[in-house]
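Asks: Got a structure here, written out as structure tokens. Questions coming.
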Amino acid sequence: MKKLLFTSIIGLSLVLLAACGSDGGEDELAKLKEDGVVKVGFANEEPYAYKEGDEIKGAAVDIAEAVFKELGVDEIDPQLADFSELIPSLKANKFDVVTAGMAITPDRCKSVSFGEPEMKYGEGLIVKKGNPKNLKSYKDIADNKDIKVSVMSGATENEFLTSEGVDEKQIQSASDIPATFSAVSSGRADATTGTEMTIKMALESSDNDDLEFVESFEQPDVEGNPSYGAAAFRDDSDELRKAYNEKLKELKEDGTVAKLLEKNGFSEEMNTVESEVTAKKVCDGEY
């Protein structure tokens, strides 16, 4: 009888513990409201999210600030990390959310839960001044095995390049955009690629006369292009993500998101997400 009673007590305790943990997302949002601050992970990638002096700027940051303000969280605590470390750091609880214009991809959807898309963007290519290798597409790189391309570690462009036939031996990894520029300027690489707005604006602000943006670049016909950028949450932050999405939807509908994109150099026509595109559809490979 004692054994049965003991077993029943243990079973009841486990049920109660499970019940207490089931609303972790709600508790997380309540704690953020109480603290008045949310830890946000971002990569130094203009114009999505970047650090300028002591200030955090960028389209993804502005959108996150607007959404969290609507949720009653007034302050963002910026946490800088290499792009490839954003998801691992999020999962390790170093951030509450990652908002760096990160592209939603089926593979990333296996690791994190994405909020609804906030922006869309295509690809771009930067080469030596005068484009001596006459590179206008990823296929041009694939067709010449001597060509080397520098790409930020963890970026979707790595998969885009291999999808277009570029050999992995042709791809050099770099920690950030300035490092890719340095590789091309020094001759260690013949080109670098990234999202169009990122590398174009980075080049404009770099004052580097050795490089040029390829205006005639042909967009790759690969799955995942154009990309849809969104905030990323841990899988156990479901309620926080849902609350974020609700406010994001309101800010999309009232035009706030479009204005914030335009403020950061994006085009409302080219970079605003179509209403029928959802995170689930992108995760499922429909876009």
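Ligands are numbered from 1 in the order shown, chains are lettered A, B, ... in the order of the structure tokens, and residues start at 1 in each chain.
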Name the residues in contact with segment 253-262 of chain A at a cut-off of 6 Å, using only C-alpha atoms, excluding same-chain residues fewer than 5 positions from it; report them as a list in words.

Replies: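 With the cut-off at 6 Å, the set is Ala59, Ser267 and Glu268 of chain A.
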
Asks: According to DSSP computed on the backbone, where in segment 107-249 of chain A is there strand (DSSP E or B)? Give the residues as a ChimeraX atom specification.

Replies: /A:113-114,119-121,123-128,149-152,171-174,191-195,211-213,227-229,232-233

Asks: So how many Å separate atom CA of Lys136 of chain A and atom CA of Met119 of chain A, to one decimal?

Replies: 25.0 Å

Asks: Counting only C-alpha atoms, what is within 12 Å of segment 104-106 of chain A, bar same-chain residues fewer than 3 positions away, as number ranges by chain?

Replies: A: 99-101, 109-121, 155-157, 159-160, 223-233, 277-287

Asks: Report, in Å to a single decimal, how far apart atom CA of Gly122 of chain A and atom CA of Ser173 of chain A are.

Replies: 20.3 Å

Asks: Near Arg234 of chain A, within 10 Å and counting only C-alpha atoms, which residues show up once chain neighbours fewer than 2 positions away are dropped, as a ChimeraX atom specification?

Replies: /A:25,87,90-93,95-98,111-114,232,236-238,240-241

Asks: Quick one: residues within 8 Å of segment 190-205 of chain A, only C-alpha atoms counted, chain neighbours fewer than 6 positions away excluded, as a ChimeraX atom specification?

Replies: /A:45-48,121-128,133,147-152,155,157,177,180-181,184,211-213,266

Asks: Please run DSSP on the backbone and report, as a ChimeraX atom specification, all residues within segment 86-255 of chain A that come out as alpha helix (DSSP H).

Replies: /A:86-91,106-109,138-143,157-163,177-186,196-206,238-253

Asks: Restricting the calculation to only C-alpha atoms, which member of A:Val38, A:Leu32, A:Leu135, A:Val166 is positioned closest to Gln79 of chain A?

Replies: A:Val38

Asks: One decimal, in Å: what's the spacing between atom CA of Val73 of chain A and atom CA of Val37 of chain A?

Replies: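 Those two atoms sit 5.8 Å apart.
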
Asks: Could you tell me which of A:Pro88, A:Lys39, A:Asn44, A:Lys51 comes closest to Ile76 of chain A if we count only C-alpha atoms?

Replies: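 Distance minimum relative to Ile76 of chain A lands on A:Lys39.
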